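A short worksheet on the structure shown next.
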Amino acid sequence: MSDPIRPIATDPLDFLETDHLLSERERLLRDTVRRFVADRILPEVADWFDAGTFPKELAKEMGALGLFGMHLEGYGCAGTSATEYGLACTELEYGDSGVRSFVSVQGSLAMFPIWAFGSEEHKQQWLPRMAAGEAIGCFGLTEPDAGSDPGSMRTHARRDGPDWILNGTKMWITNGSIADVAVVWAQTDDGVRGFVVPTDTPGFSASDVHGKLSLRASVTSELVLDDVRLPGDAVLPDVVGLKGPLSCLNEARFGILFGAVGAGRACYEAALTYAEERTQFGRPIASFQLTQRKLVEMMVALQRAMLVALHLGRKRDAGTLSAQQVSFGKLDNVRQALEVARSARSVLGANGITLEYPVIRHMNNLESVYTYEGTNEIHTLVLGEAITGVSAFS
Amino acid sequence: MKIAVCAKQIPDPATPYELDPEHHWIVRPDDQILDDTDRYGVEIGLQLAEASEGSVTLFSMSPAGNLQGIRQALAMGADKAVIVSDPALKGSDALVTAKVLARAIQQEGFDLVIAGTESTDGSAGVLPQQLSELLEVPALTFAKAVEHDGDTIRIHRQTPDGYDEVEATLPAVLTVTAGVVEPRYPTFKGIMQAKQKPVEQLTAADLGFDATEVGAAGSAQYVRSVTPVPARQAGEIVEDDGEAYRKILEVLEQAKVV
Ligand SMILES: Cc1cc2nc3c(=O)[nH]c(=O)nc-3n(C[C@H](O)[C@H](O)[C@H](O)COP(=O)(O)OP(=O)(O)OC[C@H]3O[C@@H](n4cnc5c(N)ncnc54)[C@H](O)[C@@H]3O)c2cc1C
Ligand SMILES: Cc1cc2nc3c(=O)[nH]c(=O)nc-3n(C[C@H](O)[C@H](O)[C@H](O)COP(=O)(O)OP(=O)(O)OC[C@H]3O[C@@H](n4cnc5c(N)ncnc54)[C@H](O)[C@@H]3O)c2cc1C
């Protein structure tokens with residue numbers, strides 16, 4: 001038999017010592033992003049959220065670090081493992097879901113389709129600059145009337161001699177108005193295809209969505225394509241059909257299922273510290289059983305979420321991860337993080353509703369994360385189909 | 001320019017240190033980190049190397065552990081590392097540590113040796129000066145700015161009321177004050193390459209020491225007892241009745257900070 005079980009545990013922030021599941025290189029990379037977030041994001045992110053801005057200048061710093069398209073090979077990308085990409089997302093989202101969204105969109109939604117489906121010219125033209133943060137990308141799939149059902153999109157591309165002409169409207173597009181290049185998905189006679197659209201092409205315009213109460217430190221825009229004329233080679237040659245955009249979303253969801261753990265951890269940490277310091281009825285509120293239950297539920301949920309993320313990360317690196325397993329992670333980790341955030345919010349009392357603490361910012365952000373990249377309901381139906389063999393939505 | 005940077009691996013200061021009760025030596029875990037102080041030395045070393053098409057070699061004496069701290073410095077851009085690691089070195093005092101590092105550095109050859117002014121865990125603040133004596137080269141200490149021009153190294157040496165301009169001819173030892181530059185983050189590409197960079201591991205014998213010259217046996221210094229830091233006293237609150245600034249100035253003068 002093995003040694004007896006140790007009587008004492010352990011670190012409230014890593015109760016199960018999941019740190020030991022990481023390699024030295026993974027930890028070094030994780031610690032580097034953690035330091036970057038502490039230095040460059042945390043001191044200012046509440047102000048960005050308050051003002052509803054994302055500081056575009058950060059892109060170059062993030063590029064220099066190697067954050068964009070980090071798990072892609074070549075073209076100036078760092079070529080890390082998928083698990084390392086995930087761990088970077090956890091740290092970024094510990095800062096803010098908007099900051100992580102910026103990196104997800106750039107790497108998984110804009111660079112990935114060019115890298116996977118683009119021509120050599122597309123790759124040479126865009127990837128090195130995007131990896132360096134010198135060019136910003138966005139991903140246009142959702143439309144005002146086509147969200148969960150992207151197959152019903154109305155944006156279309158028709159041929160005009162050698163050229164393509166694009167018309168339509170895309171909605172809720174992260175980074176839309178600050179992008180240099182948009183990967184736009186449109187109906188064609190052959191099915192849905194992707195187009196690489198420089199945003200200075202005549203007929204392309206972007207305007208920001210205002211009045212958001214979530215993901216405020218992130219730019220969200222509407223794209224209008226009004227007779228946008230593109231050369232014949234603007235189309236991504238190597239994919240036809242919805243599997244193109246859906247494969248990008250799988251990439252991004254993989255980052256999100258790690259990212260959500262970071263947002264949750266920020267809320268749990270804030271609640272734990274607050275509960276230890278705040279005194280009521282002559283005792284720290286951490287001494288009340290009801291508070292302890294909240295803190296324990298948060299800790300358990302987040303440790304479990306991290307284990308799920310790491311397991312899926314290892315499967316991804318081994319080449320055995322399925323899209324349905326990604327749905328499992330996105331569905332559960334995001335909803336757990338949202339529950340953690342709400343519970344942490346209550347621990348902080350009135351202070352919990354201010355930007356003085358990170359909690360309500362994360363809580364509101366996670367409402368977007370719950371909805372984008374496949375809503376909670378859609379991932380539930382994906383899993384429902386996977387285990388029953390019957391699709392509830394198509 | 002051939003630059004040697006001292007890079008100490010230390011237990012993470014965020015987690016409490018354990019001292020072994022008999023010798024009061026720090027119990028060194030497998031996971032050691034790069035002493036934050038040495039990130040500044042690495043940064044200055046990299047800047048000088050970039051400007052002179054030189055190289056940066058890290059020198060470290062510690063139980064190798066998993067080399068996490070050294071990899072961090074390699075990921076920042078250092079070219080290679082020499083680490084002296086040997087159970088026989090356990091209990092070495094600062095002078096023995098300096099002798100070991102000096103010999104490793106000498107063996108490799110150098111134009112400039114860079115170290116921190118004082119390590120975070122040991123805080124003796126003497127090792128670089130000992131290195132300069134052992135290597136028989138000048139020491140430029142407490143640098144807050146460094147300029148290199150041919151055979152000359154020129155620094156702004158931090159003093160209580162400003163700085164002195166000091167220069168020396170290479171080879172030399174240089175110590176840098178924490179906070180003088182912004183150390184770069186290791187880039188992801190650097191992290192990917194760090195594992196492939198050469199890390200040479202030497203024992204005391206490889207450097208020609210016999211067991212009586214190093215470790216506790218070779219050290220004249222030992223720790224007699226250890227006392228925990230007294231808990232901090234509560235601060236004094238000065239009510240501002242319009243004259244509070246006088247009181248605050250008085251306190252600052254007493255503390256000799258103004
Ligand atoms: C901040 C933010 C950033 C975004 N960034 C991007 C981006 O960069 N690029 C991009 O293309 N898109 C982006 N999106 C869009 C996002 O992907 C969509 O909002 C999402 O797919 C849901 O679509 P919808 O909002 O139209 O909701 P709908 O599809 O209208 O859904 C409304 C509700 O109905 C439910 N529902 C729909 N169908 C079913 C069904 N069959 N069974 C059960 N329930 C169902 C949904 O789950 C949801 O609860 C972003 C969204 C947000 C909020
Ligand atoms: C209470 C106490 C406990 C100790 N416990 C141990 C122990 O358990 N095990 C043990 O091995 N030693 C132990 N030592 C010895 C101590 O770590 C050595 O004296 C140390 O290597 C040199 O002293 P310093 O770190 O205070 O040097 P300082 O003079 O403060 O260091 C200045 C600079 O020199 C460089 N430098 C110093 N040491 C090294 C190094 N080893 N490798 C690379 N660069 C370096 C760094 O750049 C550093 O910033 C202990 C000392 C004390 C006071």
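In the structure tokens, each chain is lettered A, B, ... as it comes, each chain's residues begin at 1, and ligands are numbered from 1 in order of appearance.
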
inquiry  = Residues within 6 Å of stretch 99-110 of chain B, please, as a list in words. Count only C-alpha atoms; anything in the same chain fewer than 6 positions from it doesn't count.
reply    = Lys2, Ile3 and Leu131 of chain B

Those residues you just picked out, can you put them in a file as a PDB file, in the first residue's frame with all heavy atoms?
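Output contents, as saved in again.pdb:
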```
ATOM      1  N   LYS B   2      31.629  39.315 -23.688  1.00  0.00           N
ATOM      2  CA  LYS B   2      31.235  38.061 -23.060  1.00  0.00           C
ATOM      3  C   LYS B   2      30.754  38.359 -21.642  1.00  0.00           C
ATOM      4  O   LYS B   2      31.541  38.757 -20.785  1.00  0.00           O
ATOM      5  CB  LYS B   2      32.453  37.129 -23.041  1.00  0.00           C
ATOM      6  CG  LYS B   2      32.098  35.692 -22.832  1.00  0.00           C
ATOM      7  CD  LYS B   2      33.223  34.772 -23.275  1.00  0.00           C
ATOM      8  CE  LYS B   2      32.769  33.346 -22.981  1.00  0.00           C
ATOM      9  NZ  LYS B   2      33.750  32.347 -23.252  1.00  0.00           N
ATOM     10  N   ILE B   3      29.458  38.162 -21.425  1.00  0.00           N
ATOM     11  CA  ILE B   3      28.867  38.607 -20.165  1.00  0.00           C
ATOM     12  C   ILE B   3      28.443  37.416 -19.310  1.00  0.00           C
ATOM     13  O   ILE B   3      27.756  36.511 -19.787  1.00  0.00           O
ATOM     14  CB  ILE B   3      27.652  39.522 -20.435  1.00  0.00           C
ATOM     15  CG1 ILE B   3      28.102  40.721 -21.275  1.00  0.00           C
ATOM     16  CG2 ILE B   3      27.026  39.999 -19.122  1.00  0.00           C
ATOM     17  CD1 ILE B   3      26.986  41.553 -21.815  1.00  0.00           C
ATOM     18  N   LEU B 131      33.517  38.382  -5.351  1.00  0.00           N
ATOM     19  CA  LEU B 131      33.845  37.935  -6.711  1.00  0.00           C
ATOM     20  C   LEU B 131      34.905  38.830  -7.325  1.00  0.00           C
ATOM     21  O   LEU B 131      35.852  38.359  -7.967  1.00  0.00           O
ATOM     22  CB  LEU B 131      32.596  37.998  -7.608  1.00  0.00           C
ATOM     23  CG  LEU B 131      31.636  36.817  -7.616  1.00  0.00           C
ATOM     24  CD1 LEU B 131      30.492  37.114  -8.594  1.00  0.00           C
ATOM     25  CD2 LEU B 131      32.350  35.539  -8.023  1.00  0.00           C
TER      26      LEU B 131
END
```

request  = Compute the chain A side of the contact with chain B at 10 Å, counting only C-alpha atoms, and hand it back as an MDAnalysis selection string.
outcome  = chainID A and resid 24:29 31:33 35:36 62:67 70 76:81 84

Would you write out, as a tab-separated table, a table of all residues in chain A that have an atom no more than 6 Å from an atom of ligand 1, listing for each the closest atom pair and the distance in Å to one decimal, considering only C-alpha atoms and all ligand atoms and ordering rows by chain and rising residue number?
```
residue	atom	partner	partner_atom_place_in_ligand_line	distance
A:Phe139	CA	ligand 1	9 (N)	4.9
A:Gly140	CA	ligand 1	11 (O)	4.4
A:Leu141	CA	ligand 1	11 (O)	3.5
A:Thr142	CA	ligand 1	11 (O)	3.8
A:Ala146	CA	ligand 1	26 (O)	5.7
A:Gly147	CA	ligand 1	26 (O)	3.2
A:Ser148	CA	ligand 1	29 (O)	3.6
A:Trp172	CA	ligand 1	50 (C)	4.5
A:Ile173	CA	ligand 1	8 (O)	3.8
A:Thr174	CA	ligand 1	8 (O)	3.8
A:Leu215	CA	ligand 1	1 (C)	5.7
A:Thr220	CA	ligand 1	3 (C)	6.0
A:Ser368	CA	ligand 1	53 (C)	4.6
A:Thr371	CA	ligand 1	20 (C)	5.5
A:Tyr372	CA	ligand 1	17 (O)	3.9
A:Glu373	CA	ligand 1	17 (O)	4.8
A:Gly374	CA	ligand 1	21 (O)	5.1
A:Thr375	CA	ligand 1	47 (O)	4.8
A:Glu377	CA	ligand 1	47 (O)	4.3
A:Ile378	CA	ligand 1	47 (O)	5.5
A:Phe393	CA	ligand 1	41 (N)	4.7
```

Can I get the selected residues back with all heavy atoms, as a compact mmCIF listing (two decimals), in the first residue's frame?
```
# COMPACT_ATOMS: atom_id res chain seq x y z
N PHE A 139 -13.90 38.41 -36.88
CA PHE A 139 -14.54 37.20 -37.41
C PHE A 139 -16.02 37.49 -37.55
O PHE A 139 -16.71 37.72 -36.55
CB PHE A 139 -14.30 36.07 -36.41
CG PHE A 139 -14.98 34.76 -36.68
CD1 PHE A 139 -14.40 33.80 -37.50
CD2 PHE A 139 -16.20 34.45 -36.05
CE1 PHE A 139 -15.01 32.56 -37.70
CE2 PHE A 139 -16.81 33.21 -36.26
CZ PHE A 139 -16.21 32.26 -37.09
N GLY A 140 -16.51 37.53 -38.78
CA GLY A 140 -17.91 37.89 -39.00
C GLY A 140 -18.75 36.70 -39.41
O GLY A 140 -18.74 36.28 -40.57
N LEU A 141 -19.46 36.15 -38.43
CA LEU A 141 -20.37 35.04 -38.72
C LEU A 141 -21.81 35.45 -38.37
O LEU A 141 -22.71 35.41 -39.21
CB LEU A 141 -19.97 33.79 -37.92
CG LEU A 141 -20.89 32.58 -38.08
CD1 LEU A 141 -20.82 32.03 -39.50
CD2 LEU A 141 -20.52 31.46 -37.08
N THR A 142 -22.01 35.88 -37.10
CA THR A 142 -23.36 36.19 -36.62
C THR A 142 -23.96 37.37 -37.37
O THR A 142 -23.26 38.31 -37.76
CB THR A 142 -23.28 36.52 -35.11
OG1 THR A 142 -22.63 35.45 -34.45
CG2 THR A 142 -24.66 36.72 -34.52
N ALA A 146 -29.39 35.92 -37.61
CA ALA A 146 -28.82 34.57 -37.64
C ALA A 146 -27.78 34.46 -36.54
O ALA A 146 -26.64 34.91 -36.70
CB ALA A 146 -28.19 34.26 -39.00
N GLY A 147 -28.18 33.92 -35.39
CA GLY A 147 -27.28 33.78 -34.25
C GLY A 147 -26.95 32.32 -34.04
O GLY A 147 -26.01 31.78 -34.63
N SER A 148 -27.78 31.65 -33.24
CA SER A 148 -27.55 30.22 -32.98
C SER A 148 -27.65 29.40 -34.27
O SER A 148 -27.12 28.29 -34.33
CB SER A 148 -28.56 29.71 -31.96
OG SER A 148 -28.39 30.39 -30.75
N TRP A 172 -22.61 41.93 -33.76
CA TRP A 172 -21.93 41.44 -32.55
C TRP A 172 -20.50 41.00 -32.84
O TRP A 172 -20.03 40.01 -32.31
CB TRP A 172 -22.67 40.25 -31.89
CG TRP A 172 -24.08 40.54 -31.56
CD1 TRP A 172 -25.17 39.97 -32.13
CD2 TRP A 172 -24.57 41.46 -30.58
NE1 TRP A 172 -26.31 40.49 -31.58
CE2 TRP A 172 -25.96 41.40 -30.62
CE3 TRP A 172 -23.94 42.33 -29.68
CZ2 TRP A 172 -26.76 42.18 -29.79
CZ3 TRP A 172 -24.73 43.11 -28.86
CH2 TRP A 172 -26.13 43.02 -28.92
N ILE A 173 -19.82 41.76 -33.69
CA ILE A 173 -18.51 41.32 -34.13
C ILE A 173 -17.42 41.95 -33.25
O ILE A 173 -17.19 43.17 -33.28
CB ILE A 173 -18.28 41.65 -35.62
CG1 ILE A 173 -19.43 41.07 -36.45
CG2 ILE A 173 -16.92 41.12 -36.08
CD1 ILE A 173 -19.72 39.58 -36.22
N THR A 174 -16.77 41.11 -32.46
CA THR A 174 -15.69 41.56 -31.58
C THR A 174 -14.54 42.12 -32.43
O THR A 174 -14.16 41.50 -33.42
CB THR A 174 -15.19 40.38 -30.72
OG1 THR A 174 -16.30 39.86 -29.99
CG2 THR A 174 -14.10 40.81 -29.75
N LEU A 215 -18.83 42.80 -21.04
CA LEU A 215 -17.69 42.85 -21.95
C LEU A 215 -17.43 44.28 -22.44
O LEU A 215 -17.24 44.53 -23.62
CB LEU A 215 -17.94 41.91 -23.14
CG LEU A 215 -16.84 40.91 -23.48
CD1 LEU A 215 -16.46 40.04 -22.28
CD2 LEU A 215 -17.28 39.98 -24.58
N THR A 220 -17.27 45.80 -29.64
CA THR A 220 -18.24 44.96 -30.35
C THR A 220 -18.90 45.81 -31.43
O THR A 220 -19.35 46.92 -31.13
CB THR A 220 -19.32 44.44 -29.38
OG1 THR A 220 -18.71 43.96 -28.19
CG2 THR A 220 -20.13 43.32 -30.01
N SER A 368 -21.95 37.41 -21.25
CA SER A 368 -21.63 37.31 -22.69
C SER A 368 -20.99 35.98 -23.02
O SER A 368 -21.30 35.36 -24.03
CB SER A 368 -20.66 38.42 -23.11
OG SER A 368 -21.29 39.67 -23.12
N THR A 371 -23.25 33.27 -23.54
CA THR A 371 -24.05 33.32 -24.77
C THR A 371 -23.22 33.14 -26.04
O THR A 371 -23.65 32.48 -26.97
CB THR A 371 -24.82 34.66 -24.84
OG1 THR A 371 -25.89 34.60 -23.90
CG2 THR A 371 -25.38 34.95 -26.22
N TYR A 372 -22.02 33.74 -26.06
CA TYR A 372 -21.31 33.66 -27.35
C TYR A 372 -20.60 32.32 -27.49
O TYR A 372 -20.54 31.53 -26.56
CB TYR A 372 -20.42 34.87 -27.60
CG TYR A 372 -19.15 35.08 -26.80
CD1 TYR A 372 -18.46 34.06 -26.18
CD2 TYR A 372 -18.61 36.37 -26.74
CE1 TYR A 372 -17.28 34.30 -25.51
CE2 TYR A 372 -17.42 36.62 -26.06
CZ TYR A 372 -16.77 35.57 -25.45
OH TYR A 372 -15.60 35.81 -24.79
N GLU A 373 -20.14 32.07 -28.71
CA GLU A 373 -19.45 30.81 -29.00
C GLU A 373 -20.34 29.61 -28.71
O GLU A 373 -19.89 28.59 -28.19
CB GLU A 373 -18.17 30.70 -28.16
CG GLU A 373 -17.21 31.82 -28.39
CD GLU A 373 -16.37 31.60 -29.62
OE1 GLU A 373 -16.35 30.47 -30.14
OE2 GLU A 373 -15.74 32.56 -30.07
N GLY A 374 -21.62 29.74 -29.06
CA GLY A 374 -22.58 28.68 -28.78
C GLY A 374 -23.17 28.92 -27.40
O GLY A 374 -22.46 28.89 -26.40
N THR A 375 -24.47 29.18 -27.36
CA THR A 375 -25.11 29.47 -26.07
C THR A 375 -25.09 28.21 -25.21
O THR A 375 -24.89 27.10 -25.70
CB THR A 375 -26.57 29.90 -26.27
OG1 THR A 375 -27.30 28.79 -26.81
CG2 THR A 375 -26.69 31.09 -27.22
N GLU A 377 -27.61 26.80 -24.08
CA GLU A 377 -28.67 25.91 -24.55
C GLU A 377 -28.19 25.08 -25.75
O GLU A 377 -28.43 23.87 -25.82
CB GLU A 377 -29.91 26.73 -24.96
CG GLU A 377 -30.61 27.42 -23.79
CD GLU A 377 -29.91 28.71 -23.32
OE1 GLU A 377 -28.93 29.15 -23.97
OE2 GLU A 377 -30.34 29.28 -22.31
N ILE A 378 -27.52 25.76 -26.68
CA ILE A 378 -27.08 25.02 -27.88
C ILE A 378 -26.08 23.94 -27.51
O ILE A 378 -26.15 22.81 -28.00
CB ILE A 378 -26.48 26.01 -28.93
CG1 ILE A 378 -27.59 26.92 -29.47
CG2 ILE A 378 -25.78 25.26 -30.05
CD1 ILE A 378 -28.72 26.22 -30.23
N PHE A 393 -32.36 20.00 -32.74
CA PHE A 393 -32.42 21.29 -33.43
C PHE A 393 -32.19 21.25 -34.93
O PHE A 393 -32.18 22.29 -35.57
CB PHE A 393 -31.46 22.29 -32.77
CG PHE A 393 -30.02 21.85 -32.75
CD1 PHE A 393 -29.12 22.33 -33.69
CD2 PHE A 393 -29.57 20.95 -31.79
CE1 PHE A 393 -27.80 21.94 -33.66
CE2 PHE A 393 -28.25 20.56 -31.76
CZ PHE A 393 -27.36 21.04 -32.69
```

request  = Collect all residues with atoms no farther than 6 Å from ligand 2, counting only C-alpha atoms and all ligand atoms, and output them as a count of residues only.
outcome  = 31

query = Out of stretch 96-178 of chain B, which residues get helix (DSSP H, G or I) from DSSP, as a ChimeraX atom specification?
reply = /B:96-108,127-135

Expected file: the selected residues, C-alpha atoms, as an mmCIF file, in the first residue's frame:
```
data_model
loop_
_atom_site.group_PDB
_atom_site.id
_atom_site.type_symbol
_atom_site.label_atom_id
_atom_site.label_comp_id
_atom_site.auth_asym_id
_atom_site.auth_seq_id
_atom_site.Cartn_x
_atom_site.Cartn_y
_atom_site.Cartn_z
ATOM 1 C CA VAL B 96 32.554 29.883 -0.409
ATOM 2 C CA THR B 97 29.692 30.595 -2.818
ATOM 3 C CA ALA B 98 31.797 33.398 -4.305
ATOM 4 C CA LYS B 99 34.833 31.124 -4.651
ATOM 5 C CA VAL B 100 32.775 28.498 -6.452
ATOM 6 C CA LEU B 101 31.114 30.972 -8.784
ATOM 7 C CA ALA B 102 34.417 32.750 -9.449
ATOM 8 C CA ARG B 103 36.067 29.550 -10.546
ATOM 9 C CA ALA B 104 33.154 28.599 -12.793
ATOM 10 C CA ILE B 105 33.171 32.068 -14.344
ATOM 11 C CA GLN B 106 36.936 32.055 -14.783
ATOM 12 C CA GLN B 107 36.801 28.686 -16.467
ATOM 13 C CA GLU B 108 34.270 30.025 -18.969
ATOM 14 C CA LEU B 127 29.055 38.194 -2.826
ATOM 15 C CA PRO B 128 29.760 40.438 -5.844
ATOM 16 C CA GLN B 129 32.519 42.295 -4.011
ATOM 17 C CA GLN B 130 34.047 38.961 -3.063
ATOM 18 C CA LEU B 131 33.845 37.935 -6.711
ATOM 19 C CA SER B 132 35.689 41.057 -7.775
ATOM 20 C CA GLU B 133 38.454 40.344 -5.279
ATOM 21 C CA LEU B 134 38.742 36.710 -6.304
ATOM 22 C CA LEU B 135 38.697 37.530 -10.013
#
```
